[in-house]
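Data from work.cif: mmCIF, N, CA and C atoms
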```
data_data
#
loop_
_atom_site.label_atom_id
_atom_site.label_comp_id
_atom_site.auth_asym_id
_atom_site.auth_seq_id
_atom_site.Cartn_x
_atom_site.Cartn_y
_atom_site.Cartn_z
N MET Q 1 92.80 113.21 116.97
CA MET Q 1 92.84 111.82 117.39
C MET Q 1 91.64 111.09 116.78
N VAL Q 2 91.86 109.87 116.34
CA VAL Q 2 90.82 109.04 115.73
C VAL Q 2 90.10 108.28 116.85
N ASP Q 3 88.78 108.28 116.81
CA ASP Q 3 88.05 107.57 117.86
C ASP Q 3 87.85 106.10 117.50
N ALA Q 4 87.50 105.31 118.50
CA ALA Q 4 87.37 103.86 118.34
C ALA Q 4 86.28 103.49 117.33
N SER Q 5 85.22 104.26 117.28
CA SER Q 5 84.12 103.99 116.36
C SER Q 5 84.59 104.11 114.91
N LEU Q 6 85.37 105.14 114.63
CA LEU Q 6 85.91 105.32 113.28
C LEU Q 6 86.86 104.18 112.92
N LEU Q 7 87.73 103.80 113.85
CA LEU Q 7 88.66 102.70 113.59
C LEU Q 7 87.91 101.39 113.34
N ALA Q 8 86.87 101.12 114.14
CA ALA Q 8 86.08 99.90 113.94
C ALA Q 8 85.40 99.92 112.57
N SER Q 9 84.88 101.08 112.16
CA SER Q 9 84.24 101.20 110.85
C SER Q 9 85.25 100.93 109.74
N PHE Q 10 86.44 101.47 109.90
CA PHE Q 10 87.50 101.24 108.93
C PHE Q 10 87.83 99.74 108.85
N MET Q 11 88.03 99.11 109.98
CA MET Q 11 88.40 97.69 110.00
C MET Q 11 87.27 96.83 109.44
N ASP Q 12 86.03 97.21 109.72
CA ASP Q 12 84.89 96.44 109.20
C ASP Q 12 84.72 96.61 107.70
N SER Q 13 85.31 97.65 107.13
CA SER Q 13 85.23 97.83 105.67
C SER Q 13 86.16 96.88 104.93
N LEU Q 14 87.11 96.27 105.63
CA LEU Q 14 88.02 95.31 105.00
C LEU Q 14 87.26 94.03 104.69
N LYS Q 15 87.48 93.48 103.50
CA LYS Q 15 86.75 92.26 103.12
C LYS Q 15 87.42 91.00 103.68
N ASN Q 16 88.69 91.09 104.02
CA ASN Q 16 89.39 89.93 104.58
C ASN Q 16 89.32 89.95 106.10
N PRO Q 17 89.35 88.76 106.71
CA PRO Q 17 89.32 88.69 108.17
C PRO Q 17 90.52 89.41 108.79
N PHE Q 18 90.28 90.09 109.90
CA PHE Q 18 91.33 90.75 110.67
C PHE Q 18 91.07 90.40 112.13
N LEU Q 19 92.07 89.79 112.76
CA LEU Q 19 91.98 89.38 114.15
C LEU Q 19 93.22 89.86 114.85
N PHE Q 20 93.06 90.58 115.97
CA PHE Q 20 94.19 91.07 116.76
C PHE Q 20 94.22 90.33 118.09
N ALA Q 21 95.42 89.84 118.46
CA ALA Q 21 95.63 89.19 119.75
C ALA Q 21 96.76 89.91 120.47
N ASP Q 22 96.67 89.99 121.81
CA ASP Q 22 97.72 90.64 122.58
C ASP Q 22 98.90 89.68 122.78
N THR Q 23 99.90 90.09 123.53
CA THR Q 23 101.10 89.27 123.70
C THR Q 23 100.87 88.04 124.57
N GLN Q 24 99.68 87.94 125.16
CA GLN Q 24 99.30 86.73 125.90
C GLN Q 24 98.40 85.83 125.04
N HIS Q 25 98.27 86.18 123.75
CA HIS Q 25 97.47 85.44 122.77
C HIS Q 25 95.97 85.58 122.98
N VAL Q 26 95.55 86.55 123.78
CA VAL Q 26 94.12 86.78 123.99
C VAL Q 26 93.58 87.60 122.83
N ILE Q 27 92.51 87.12 122.21
CA ILE Q 27 91.88 87.82 121.08
C ILE Q 27 91.20 89.06 121.63
N ARG Q 28 91.63 90.22 121.15
CA ARG Q 28 91.11 91.50 121.63
C ARG Q 28 90.19 92.17 120.62
N TYR Q 29 90.33 91.82 119.34
CA TYR Q 29 89.49 92.47 118.32
C TYR Q 29 89.35 91.56 117.11
N MET Q 30 88.15 91.58 116.53
CA MET Q 30 87.89 90.90 115.27
C MET Q 30 87.00 91.82 114.44
N ASN Q 31 87.33 91.98 113.14
CA ASN Q 31 86.43 92.75 112.29
C ASN Q 31 85.26 91.85 111.88
N LYS Q 32 84.28 92.44 111.19
CA LYS Q 32 83.08 91.68 110.80
C LYS Q 32 83.43 90.47 109.94
N ALA Q 33 84.41 90.62 109.04
CA ALA Q 33 84.81 89.51 108.18
C ALA Q 33 85.39 88.36 109.01
N ALA Q 34 86.14 88.66 110.05
CA ALA Q 34 86.71 87.63 110.92
C ALA Q 34 85.60 86.95 111.73
N ILE Q 35 84.67 87.74 112.24
CA ILE Q 35 83.56 87.17 113.01
C ILE Q 35 82.77 86.20 112.14
N ALA Q 36 82.56 86.54 110.88
CA ALA Q 36 81.84 85.65 109.96
C ALA Q 36 82.69 84.44 109.55
N HIS Q 37 84.00 84.62 109.48
CA HIS Q 37 84.90 83.58 108.98
C HIS Q 37 85.14 82.47 110.01
N TYR Q 38 85.33 82.83 111.26
CA TYR Q 38 85.71 81.86 112.29
C TYR Q 38 84.50 81.24 112.97
N ASP Q 39 84.57 79.93 113.20
CA ASP Q 39 83.54 79.27 113.99
C ASP Q 39 83.50 79.95 115.36
N ASP Q 40 82.35 80.16 115.88
CA ASP Q 40 82.13 80.79 117.18
C ASP Q 40 82.22 82.31 117.13
N GLY Q 41 82.58 82.87 115.97
CA GLY Q 41 82.54 84.31 115.73
C GLY Q 41 82.96 85.19 116.89
N ALA Q 42 82.11 86.14 117.25
CA ALA Q 42 82.42 87.13 118.28
C ALA Q 42 82.67 86.51 119.64
N ASN Q 43 82.22 85.27 119.85
CA ASN Q 43 82.46 84.60 121.13
C ASN Q 43 83.95 84.32 121.37
N LEU Q 44 84.76 84.44 120.33
CA LEU Q 44 86.21 84.23 120.48
C LEU Q 44 86.90 85.40 121.16
N ILE Q 45 86.30 86.58 121.09
CA ILE Q 45 86.92 87.76 121.70
C ILE Q 45 87.03 87.53 123.21
N GLY Q 46 88.25 87.74 123.72
CA GLY Q 46 88.53 87.51 125.14
C GLY Q 46 89.07 86.12 125.42
N ARG Q 47 89.08 85.26 124.42
CA ARG Q 47 89.61 83.91 124.59
C ARG Q 47 91.01 83.82 123.98
N SER Q 48 91.73 82.77 124.32
CA SER Q 48 93.08 82.58 123.78
C SER Q 48 93.03 82.09 122.34
N LEU Q 49 93.81 82.73 121.50
CA LEU Q 49 93.94 82.30 120.11
C LEU Q 49 94.49 80.88 120.05
N LEU Q 50 95.28 80.51 121.03
CA LEU Q 50 95.88 79.18 121.05
C LEU Q 50 94.83 78.09 121.22
N ASP Q 51 93.68 78.43 121.80
CA ASP Q 51 92.60 77.45 121.94
C ASP Q 51 91.96 77.10 120.61
N CYS Q 52 92.24 77.91 119.58
CA CYS Q 52 91.62 77.73 118.26
C CYS Q 52 92.53 77.00 117.29
N HIS Q 53 93.71 76.58 117.73
CA HIS Q 53 94.69 75.98 116.83
C HIS Q 53 95.15 74.62 117.34
N ASN Q 54 95.66 73.82 116.43
CA ASN Q 54 96.23 72.52 116.80
C ASN Q 54 97.60 72.74 117.44
N PRO Q 55 98.15 71.71 118.08
CA PRO Q 55 99.44 71.87 118.78
C PRO Q 55 100.59 72.37 117.89
N ASP Q 56 100.66 71.90 116.64
CA ASP Q 56 101.74 72.35 115.75
C ASP Q 56 101.60 73.85 115.45
N SER Q 57 100.38 74.29 115.17
CA SER Q 57 100.15 75.71 114.91
C SER Q 57 100.44 76.55 116.16
N CYS Q 58 100.06 76.04 117.33
CA CYS Q 58 100.33 76.76 118.58
C CYS Q 58 101.82 76.95 118.78
N ARG Q 59 102.60 75.90 118.54
CA ARG Q 59 104.06 76.01 118.68
C ARG Q 59 104.60 77.07 117.73
N MET Q 60 104.11 77.08 116.49
CA MET Q 60 104.57 78.05 115.50
C MET Q 60 104.21 79.48 115.95
N ILE Q 61 102.99 79.70 116.40
CA ILE Q 61 102.56 81.02 116.85
C ILE Q 61 103.40 81.49 118.02
N ILE Q 62 103.66 80.61 118.97
CA ILE Q 62 104.47 80.96 120.14
C ILE Q 62 105.90 81.30 119.72
N GLU Q 63 106.48 80.53 118.80
CA GLU Q 63 107.83 80.80 118.31
C GLU Q 63 107.91 82.14 117.58
N ILE Q 64 106.91 82.43 116.76
CA ILE Q 64 106.91 83.69 116.01
C ILE Q 64 106.75 84.86 116.97
N LEU Q 65 105.87 84.74 117.96
CA LEU Q 65 105.71 85.81 118.94
C LEU Q 65 107.02 86.05 119.68
N SER Q 66 107.72 84.99 120.02
CA SER Q 66 109.01 85.13 120.70
C SER Q 66 110.01 85.88 119.82
N ALA Q 67 110.04 85.57 118.52
CA ALA Q 67 110.94 86.28 117.59
C ALA Q 67 110.53 87.74 117.46
N MET Q 68 109.24 88.02 117.53
CA MET Q 68 108.77 89.41 117.50
C MET Q 68 109.24 90.17 118.73
N GLN Q 69 109.20 89.50 119.88
CA GLN Q 69 109.60 90.14 121.13
C GLN Q 69 111.12 90.28 121.24
N GLN Q 70 111.85 89.25 120.88
CA GLN Q 70 113.29 89.23 121.11
C GLN Q 70 114.11 89.75 119.94
N ASP Q 71 113.67 89.47 118.72
CA ASP Q 71 114.49 89.78 117.54
C ASP Q 71 113.93 90.93 116.70
N GLY Q 72 112.79 91.46 117.10
CA GLY Q 72 112.20 92.56 116.34
C GLY Q 72 111.53 92.14 115.05
N LEU Q 73 111.25 90.85 114.90
CA LEU Q 73 110.55 90.36 113.71
C LEU Q 73 109.23 91.13 113.56
N ASP Q 74 108.91 91.54 112.34
CA ASP Q 74 107.67 92.26 112.09
C ASP Q 74 106.58 91.39 111.45
N GLU Q 75 106.96 90.42 110.62
CA GLU Q 75 105.95 89.64 109.93
C GLU Q 75 106.52 88.30 109.50
N ARG Q 76 105.65 87.28 109.53
CA ARG Q 76 106.05 85.97 109.03
C ARG Q 76 104.84 85.29 108.39
N LEU Q 77 105.07 84.64 107.27
CA LEU Q 77 104.05 83.85 106.60
C LEU Q 77 103.77 82.61 107.45
N ILE Q 78 102.50 82.35 107.74
CA ILE Q 78 102.17 81.18 108.54
C ILE Q 78 101.33 80.15 107.79
N THR Q 79 100.63 80.57 106.74
CA THR Q 79 99.83 79.65 105.92
C THR Q 79 99.91 80.08 104.47
N ASP Q 80 100.13 79.12 103.59
CA ASP Q 80 100.16 79.42 102.15
C ASP Q 80 99.50 78.25 101.44
N ASN Q 81 98.26 78.47 101.00
CA ASN Q 81 97.56 77.42 100.29
C ASN Q 81 96.78 78.02 99.12
N GLU Q 82 95.97 77.19 98.45
CA GLU Q 82 95.25 77.67 97.26
C GLU Q 82 94.17 78.70 97.59
N LYS Q 83 93.72 78.76 98.84
CA LYS Q 83 92.66 79.71 99.23
C LYS Q 83 93.21 81.07 99.63
N TYR Q 84 94.35 81.10 100.32
CA TYR Q 84 94.91 82.36 100.80
C TYR Q 84 96.27 82.14 101.44
N ARG Q 85 96.92 83.25 101.67
CA ARG Q 85 98.14 83.28 102.50
C ARG Q 85 97.75 84.00 103.78
N ILE Q 86 98.28 83.53 104.90
CA ILE Q 86 98.05 84.22 106.16
C ILE Q 86 99.42 84.57 106.75
N TYR Q 87 99.56 85.82 107.14
CA TYR Q 87 100.76 86.31 107.77
C TYR Q 87 100.45 86.67 109.22
N MET Q 88 101.42 86.48 110.09
CA MET Q 88 101.33 86.95 111.46
C MET Q 88 102.16 88.23 111.51
N ARG Q 89 101.53 89.35 111.86
CA ARG Q 89 102.15 90.68 111.78
C ARG Q 89 102.20 91.33 113.16
N ALA Q 90 103.36 91.84 113.55
CA ALA Q 90 103.54 92.51 114.84
C ALA Q 90 102.83 93.87 114.86
N VAL Q 91 102.29 94.21 116.01
CA VAL Q 91 101.74 95.55 116.26
C VAL Q 91 102.56 96.13 117.41
N ARG Q 92 103.18 97.27 117.14
CA ARG Q 92 104.04 97.90 118.13
C ARG Q 92 103.53 99.28 118.48
N GLY Q 93 103.75 99.68 119.75
CA GLY Q 93 103.41 101.02 120.20
C GLY Q 93 104.44 102.02 119.72
N GLU Q 94 104.22 103.28 120.05
CA GLU Q 94 105.11 104.36 119.60
C GLU Q 94 106.57 104.13 119.99
N ALA Q 95 106.81 103.56 121.15
CA ALA Q 95 108.18 103.32 121.62
C ALA Q 95 108.75 102.01 121.08
N GLY Q 96 108.00 101.32 120.22
CA GLY Q 96 108.48 100.06 119.66
C GLY Q 96 108.12 98.83 120.49
N THR Q 97 107.41 99.04 121.58
CA THR Q 97 107.00 97.92 122.44
C THR Q 97 105.96 97.07 121.72
N LEU Q 98 106.14 95.77 121.76
CA LEU Q 98 105.19 94.87 121.11
C LEU Q 98 103.89 94.85 121.90
N LEU Q 99 102.79 95.19 121.24
CA LEU Q 99 101.47 95.20 121.86
C LEU Q 99 100.70 93.90 121.58
N GLY Q 100 101.05 93.27 120.48
CA GLY Q 100 100.38 92.05 120.07
C GLY Q 100 100.64 91.79 118.61
N TYR Q 101 99.73 91.06 117.99
CA TYR Q 101 99.90 90.70 116.59
C TYR Q 101 98.53 90.50 115.95
N TYR Q 102 98.54 90.52 114.62
CA TYR Q 102 97.30 90.21 113.91
C TYR Q 102 97.59 89.25 112.79
N GLU Q 103 96.52 88.58 112.35
CA GLU Q 103 96.59 87.70 111.20
C GLU Q 103 96.18 88.51 109.98
N ARG Q 104 97.07 88.58 109.01
CA ARG Q 104 96.81 89.33 107.78
C ARG Q 104 96.58 88.33 106.64
N TYR Q 105 95.42 88.41 106.03
CA TYR Q 105 95.07 87.53 104.92
C TYR Q 105 95.44 88.19 103.60
N GLU Q 106 95.88 87.35 102.69
CA GLU Q 106 96.20 87.80 101.33
C GLU Q 106 95.61 86.76 100.38
N PRO Q 107 94.88 87.20 99.37
CA PRO Q 107 94.31 86.22 98.44
C PRO Q 107 95.41 85.50 97.66
N PRO Q 108 95.07 84.35 97.04
CA PRO Q 108 96.08 83.64 96.25
C PRO Q 108 96.55 84.49 95.07
N LYS Q 109 97.71 84.13 94.52
CA LYS Q 109 98.35 84.91 93.48
C LYS Q 109 97.43 85.18 92.29
N ASP Q 110 96.68 84.20 91.83
CA ASP Q 110 95.82 84.42 90.67
C ASP Q 110 94.69 85.41 90.97
N GLU Q 111 94.18 85.40 92.19
CA GLU Q 111 93.14 86.36 92.56
C GLU Q 111 93.74 87.77 92.72
N ARG Q 112 94.97 87.86 93.22
CA ARG Q 112 95.63 89.17 93.34
C ARG Q 112 95.81 89.78 91.96
N ALA Q 113 96.14 88.96 90.97
CA ALA Q 113 96.33 89.45 89.60
C ALA Q 113 95.02 89.98 89.04
N ARG Q 114 93.90 89.32 89.35
CA ARG Q 114 92.59 89.78 88.86
C ARG Q 114 92.17 91.08 89.52
N GLN Q 115 92.63 91.31 90.77
CA GLN Q 115 92.24 92.52 91.51
C GLN Q 115 93.00 93.74 91.03
N SER Q 116 94.14 93.56 90.37
CA SER Q 116 94.92 94.73 89.94
C SER Q 116 94.40 95.36 88.69
#
```

Mind turning this structure into structure tokens?
Amino acid sequence: MVDASLLASFMDSLKNPFLFADTQHVIRYMNKAAIAHYDDGANLIGRSLLDCHNPDSCRMIIEILSAMQQDGLDERLITDNEKYRIYMRAVRGEAGTLLGYYERYEPPKDERARQS
């Protein structure tokens, strides 16, 4: 079994922000890149992700979470701009139960080409 310290070290090695929220939209984990990226950093842990977004984004997040719960959706693109793409990705337990979701960052296409 992998311990929490090893998992945190692994997540902190990622250069892109990683933020996990439960099915009530409460932020449960942020890697170091996410803490540095978001205003208020580590103070966001334990707060609602919905408090960090405008009403249109909140509606979209709620709709996507509903599709994850009801339709088995695993991932949806939520932001696509010149800086990055952000996906909302489902996290499921062994039995397939939705535990929450995370925001997955992907660099823009030209930066992805340079990384390969």

Residues of range 12-109 of chain Q classed as strand (DSSP E) by DSSP on the backbone are to be reported as an mmCIF file with N, CA and C atoms, in the frame of the given file.
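After the write, result01.cif holds the following:
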```cif
data_model
loop_
_atom_site.group_PDB
_atom_site.id
_atom_site.type_symbol
_atom_site.label_atom_id
_atom_site.label_comp_id
_atom_site.auth_asym_id
_atom_site.auth_seq_id
_atom_site.Cartn_x
_atom_site.Cartn_y
_atom_site.Cartn_z
ATOM 1 N N PHE Q 18 90.280 90.090 109.900
ATOM 2 C CA PHE Q 18 91.330 90.750 110.670
ATOM 3 C C PHE Q 18 91.070 90.400 112.130
ATOM 4 N N LEU Q 19 92.070 89.790 112.760
ATOM 5 C CA LEU Q 19 91.980 89.380 114.150
ATOM 6 C C LEU Q 19 93.220 89.860 114.850
ATOM 7 N N PHE Q 20 93.060 90.580 115.970
ATOM 8 C CA PHE Q 20 94.190 91.070 116.760
ATOM 9 C C PHE Q 20 94.220 90.330 118.090
ATOM 10 N N ALA Q 21 95.420 89.840 118.460
ATOM 11 C CA ALA Q 21 95.630 89.190 119.750
ATOM 12 C C ALA Q 21 96.760 89.910 120.470
ATOM 13 N N ASP Q 22 96.670 89.990 121.810
ATOM 14 C CA ASP Q 22 97.720 90.640 122.580
ATOM 15 C C ASP Q 22 98.900 89.680 122.780
ATOM 16 N N ILE Q 27 92.510 87.120 122.210
ATOM 17 C CA ILE Q 27 91.880 87.820 121.080
ATOM 18 C C ILE Q 27 91.200 89.060 121.630
ATOM 19 N N ARG Q 28 91.630 90.220 121.150
ATOM 20 C CA ARG Q 28 91.110 91.500 121.630
ATOM 21 C C ARG Q 28 90.190 92.170 120.620
ATOM 22 N N TYR Q 29 90.330 91.820 119.340
ATOM 23 C CA TYR Q 29 89.490 92.470 118.320
ATOM 24 C C TYR Q 29 89.350 91.560 117.110
ATOM 25 N N MET Q 30 88.150 91.580 116.530
ATOM 26 C CA MET Q 30 87.890 90.900 115.270
ATOM 27 C C MET Q 30 87.000 91.820 114.440
ATOM 28 N N GLU Q 75 106.960 90.420 110.620
ATOM 29 C CA GLU Q 75 105.950 89.640 109.930
ATOM 30 C C GLU Q 75 106.520 88.300 109.500
ATOM 31 N N ARG Q 76 105.650 87.280 109.530
ATOM 32 C CA ARG Q 76 106.050 85.970 109.030
ATOM 33 C C ARG Q 76 104.840 85.290 108.390
ATOM 34 N N LEU Q 77 105.070 84.640 107.270
ATOM 35 C CA LEU Q 77 104.050 83.850 106.600
ATOM 36 C C LEU Q 77 103.770 82.610 107.450
ATOM 37 N N ILE Q 78 102.500 82.350 107.740
ATOM 38 C CA ILE Q 78 102.170 81.180 108.540
ATOM 39 C C ILE Q 78 101.330 80.150 107.790
ATOM 40 N N THR Q 79 100.630 80.570 106.740
ATOM 41 C CA THR Q 79 99.830 79.650 105.920
ATOM 42 C C THR Q 79 99.910 80.080 104.470
ATOM 43 N N ASP Q 80 100.130 79.120 103.590
ATOM 44 C CA ASP Q 80 100.160 79.420 102.150
ATOM 45 C C ASP Q 80 99.500 78.250 101.440
ATOM 46 N N ARG Q 85 96.920 83.250 101.670
ATOM 47 C CA ARG Q 85 98.140 83.280 102.500
ATOM 48 C C ARG Q 85 97.750 84.000 103.780
ATOM 49 N N ILE Q 86 98.280 83.530 104.900
ATOM 50 C CA ILE Q 86 98.050 84.220 106.160
ATOM 51 C C ILE Q 86 99.420 84.570 106.750
ATOM 52 N N TYR Q 87 99.560 85.820 107.140
ATOM 53 C CA TYR Q 87 100.760 86.310 107.770
ATOM 54 C C TYR Q 87 100.450 86.670 109.220
ATOM 55 N N MET Q 88 101.420 86.480 110.090
ATOM 56 C CA MET Q 88 101.330 86.950 111.460
ATOM 57 C C MET Q 88 102.160 88.230 111.510
ATOM 58 N N ARG Q 89 101.530 89.350 111.860
ATOM 59 C CA ARG Q 89 102.150 90.680 111.780
ATOM 60 C C ARG Q 89 102.200 91.330 113.160
ATOM 61 N N ALA Q 90 103.360 91.840 113.550
ATOM 62 C CA ALA Q 90 103.540 92.510 114.840
ATOM 63 C C ALA Q 90 102.830 93.870 114.860
ATOM 64 N N VAL Q 91 102.290 94.210 116.010
ATOM 65 C CA VAL Q 91 101.740 95.550 116.260
ATOM 66 C C VAL Q 91 102.560 96.130 117.410
ATOM 67 N N ARG Q 92 103.180 97.270 117.140
ATOM 68 C CA ARG Q 92 104.040 97.900 118.130
ATOM 69 C C ARG Q 92 103.530 99.280 118.480
ATOM 70 N N LEU Q 98 106.140 95.770 121.760
ATOM 71 C CA LEU Q 98 105.190 94.870 121.110
ATOM 72 C C LEU Q 98 103.890 94.850 121.900
ATOM 73 N N LEU Q 99 102.790 95.190 121.240
ATOM 74 C CA LEU Q 99 101.470 95.200 121.860
ATOM 75 C C LEU Q 99 100.700 93.900 121.580
ATOM 76 N N GLY Q 100 101.050 93.270 120.480
ATOM 77 C CA GLY Q 100 100.380 92.050 120.070
ATOM 78 C C GLY Q 100 100.640 91.790 118.610
ATOM 79 N N TYR Q 101 99.730 91.060 117.990
ATOM 80 C CA TYR Q 101 99.900 90.700 116.590
ATOM 81 C C TYR Q 101 98.530 90.500 115.950
ATOM 82 N N TYR Q 102 98.540 90.520 114.620
ATOM 83 C CA TYR Q 102 97.300 90.210 113.910
ATOM 84 C C TYR Q 102 97.590 89.250 112.790
ATOM 85 N N GLU Q 103 96.520 88.580 112.350
ATOM 86 C CA GLU Q 103 96.590 87.700 111.200
ATOM 87 C C GLU Q 103 96.180 88.510 109.980
ATOM 88 N N ARG Q 104 97.070 88.580 109.010
ATOM 89 C CA ARG Q 104 96.810 89.330 107.780
ATOM 90 C C ARG Q 104 96.580 88.330 106.640
ATOM 91 N N TYR Q 105 95.420 88.410 106.030
ATOM 92 C CA TYR Q 105 95.070 87.530 104.920
ATOM 93 C C TYR Q 105 95.440 88.190 103.600
ATOM 94 N N GLU Q 106 95.880 87.350 102.690
ATOM 95 C CA GLU Q 106 96.200 87.800 101.330
ATOM 96 C C GLU Q 106 95.610 86.760 100.380
#
```

*List every protein, DNA or RNA residue that has an atom no more than 7 Å from (96.3, 95.8, 122.2) in the file's coordinate frame, counting only C-alpha atoms, and report them as a PyMOL selection string.*
chain Q and resi 22+28+99-100

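Straight-line separation from CA of Ala42 in chain Q to CA of Ile27 in chain Q: 9.9 Å.
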
*asked:* Within 12 Å of (103.9, 81.7, 119.0) in the file's own coordinates, which protein, DNA or RNA residues have an atom, counting only C-alpha atoms? List them as a ChimeraX atom specification.
replied: /Q:21-25,48-50,53,55-69,76,78,88-90,100-102

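Distances to Val26 in chain Q were evaluated for Q:Asp80, Q:Leu14, Q:Gly46, Q:Asp39 using only N, CA and C atoms, and the minimum falls at Q:Gly46.
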
*DSSP says helix (DSSP H, G or I) for which residues of chain Q? Put them as number ranges by chain?*
Q: 4-12, 32-37, 41-44, 49-52, 55-70, 109-115

*asked:* Suppose a student applies the PyMOL selection byres (((chain Q and resi 85-87 and name CA) around 8) and name CA) to this structure; what residues should they get, written as a PyMOL selection string?
replied: chain Q and resi 75-81+83-84+88-89+103-108

*Do you know which residues the PyMOL selection byres ((chain Q and resi 30) around 8) returns on this file, as a PyMOL selection string?*
chain Q and resi 11-12+17-21+27-29+31-36+41-42+44-45

Hey, can you spit out that residue selection with N, CA and C atoms as a PDB file, keeping the file's coordinate frame?
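Ended up saving to result_19.pdb:
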```
ATOM      1  N   MET Q  11      88.030  99.110 109.980  1.00  0.00           N
ATOM      2  CA  MET Q  11      88.400  97.690 110.000  1.00  0.00           C
ATOM      3  C   MET Q  11      87.270  96.830 109.440  1.00  0.00           C
ATOM      4  N   ASP Q  12      86.030  97.210 109.720  1.00  0.00           N
ATOM      5  CA  ASP Q  12      84.890  96.440 109.200  1.00  0.00           C
ATOM      6  C   ASP Q  12      84.720  96.610 107.700  1.00  0.00           C
ATOM      7  N   PRO Q  17      89.350  88.760 106.710  1.00  0.00           N
ATOM      8  CA  PRO Q  17      89.320  88.690 108.170  1.00  0.00           C
ATOM      9  C   PRO Q  17      90.520  89.410 108.790  1.00  0.00           C
ATOM     10  N   PHE Q  18      90.280  90.090 109.900  1.00  0.00           N
ATOM     11  CA  PHE Q  18      91.330  90.750 110.670  1.00  0.00           C
ATOM     12  C   PHE Q  18      91.070  90.400 112.130  1.00  0.00           C
ATOM     13  N   LEU Q  19      92.070  89.790 112.760  1.00  0.00           N
ATOM     14  CA  LEU Q  19      91.980  89.380 114.150  1.00  0.00           C
ATOM     15  C   LEU Q  19      93.220  89.860 114.850  1.00  0.00           C
ATOM     16  N   PHE Q  20      93.060  90.580 115.970  1.00  0.00           N
ATOM     17  CA  PHE Q  20      94.190  91.070 116.760  1.00  0.00           C
ATOM     18  C   PHE Q  20      94.220  90.330 118.090  1.00  0.00           C
ATOM     19  N   ALA Q  21      95.420  89.840 118.460  1.00  0.00           N
ATOM     20  CA  ALA Q  21      95.630  89.190 119.750  1.00  0.00           C
ATOM     21  C   ALA Q  21      96.760  89.910 120.470  1.00  0.00           C
ATOM     22  N   ILE Q  27      92.510  87.120 122.210  1.00  0.00           N
ATOM     23  CA  ILE Q  27      91.880  87.820 121.080  1.00  0.00           C
ATOM     24  C   ILE Q  27      91.200  89.060 121.630  1.00  0.00           C
ATOM     25  N   ARG Q  28      91.630  90.220 121.150  1.00  0.00           N
ATOM     26  CA  ARG Q  28      91.110  91.500 121.630  1.00  0.00           C
ATOM     27  C   ARG Q  28      90.190  92.170 120.620  1.00  0.00           C
ATOM     28  N   TYR Q  29      90.330  91.820 119.340  1.00  0.00           N
ATOM     29  CA  TYR Q  29      89.490  92.470 118.320  1.00  0.00           C
ATOM     30  C   TYR Q  29      89.350  91.560 117.110  1.00  0.00           C
ATOM     31  N   ASN Q  31      87.330  91.980 113.140  1.00  0.00           N
ATOM     32  CA  ASN Q  31      86.430  92.750 112.290  1.00  0.00           C
ATOM     33  C   ASN Q  31      85.260  91.850 111.880  1.00  0.00           C
ATOM     34  N   LYS Q  32      84.280  92.440 111.190  1.00  0.00           N
ATOM     35  CA  LYS Q  32      83.080  91.680 110.800  1.00  0.00           C
ATOM     36  C   LYS Q  32      83.430  90.470 109.940  1.00  0.00           C
ATOM     37  N   ALA Q  33      84.410  90.620 109.040  1.00  0.00           N
ATOM     38  CA  ALA Q  33      84.810  89.510 108.180  1.00  0.00           C
ATOM     39  C   ALA Q  33      85.390  88.360 109.010  1.00  0.00           C
ATOM     40  N   ALA Q  34      86.140  88.660 110.050  1.00  0.00           N
ATOM     41  CA  ALA Q  34      86.710  87.630 110.920  1.00  0.00           C
ATOM     42  C   ALA Q  34      85.600  86.950 111.730  1.00  0.00           C
ATOM     43  N   ILE Q  35      84.670  87.740 112.240  1.00  0.00           N
ATOM     44  CA  ILE Q  35      83.560  87.170 113.010  1.00  0.00           C
ATOM     45  C   ILE Q  35      82.770  86.200 112.140  1.00  0.00           C
ATOM     46  N   ALA Q  36      82.560  86.540 110.880  1.00  0.00           N
ATOM     47  CA  ALA Q  36      81.840  85.650 109.960  1.00  0.00           C
ATOM     48  C   ALA Q  36      82.690  84.440 109.550  1.00  0.00           C
ATOM     49  N   GLY Q  41      82.580  82.870 115.970  1.00  0.00           N
ATOM     50  CA  GLY Q  41      82.540  84.310 115.730  1.00  0.00           C
ATOM     51  C   GLY Q  41      82.960  85.190 116.890  1.00  0.00           C
ATOM     52  N   ALA Q  42      82.110  86.140 117.250  1.00  0.00           N
ATOM     53  CA  ALA Q  42      82.420  87.130 118.280  1.00  0.00           C
ATOM     54  C   ALA Q  42      82.670  86.510 119.640  1.00  0.00           C
ATOM     55  N   LEU Q  44      84.760  84.440 120.330  1.00  0.00           N
ATOM     56  CA  LEU Q  44      86.210  84.230 120.480  1.00  0.00           C
ATOM     57  C   LEU Q  44      86.900  85.400 121.160  1.00  0.00           C
ATOM     58  N   ILE Q  45      86.300  86.580 121.090  1.00  0.00           N
ATOM     59  CA  ILE Q  45      86.920  87.760 121.700  1.00  0.00           C
ATOM     60  C   ILE Q  45      87.030  87.530 123.210  1.00  0.00           C
TER      61      ILE Q  45
END
```

*One decimal, Å: what's the distance from atom N of Glu94 in chain Q over to CA of Leu73 in chain Q, could you say?*
15.7 Å
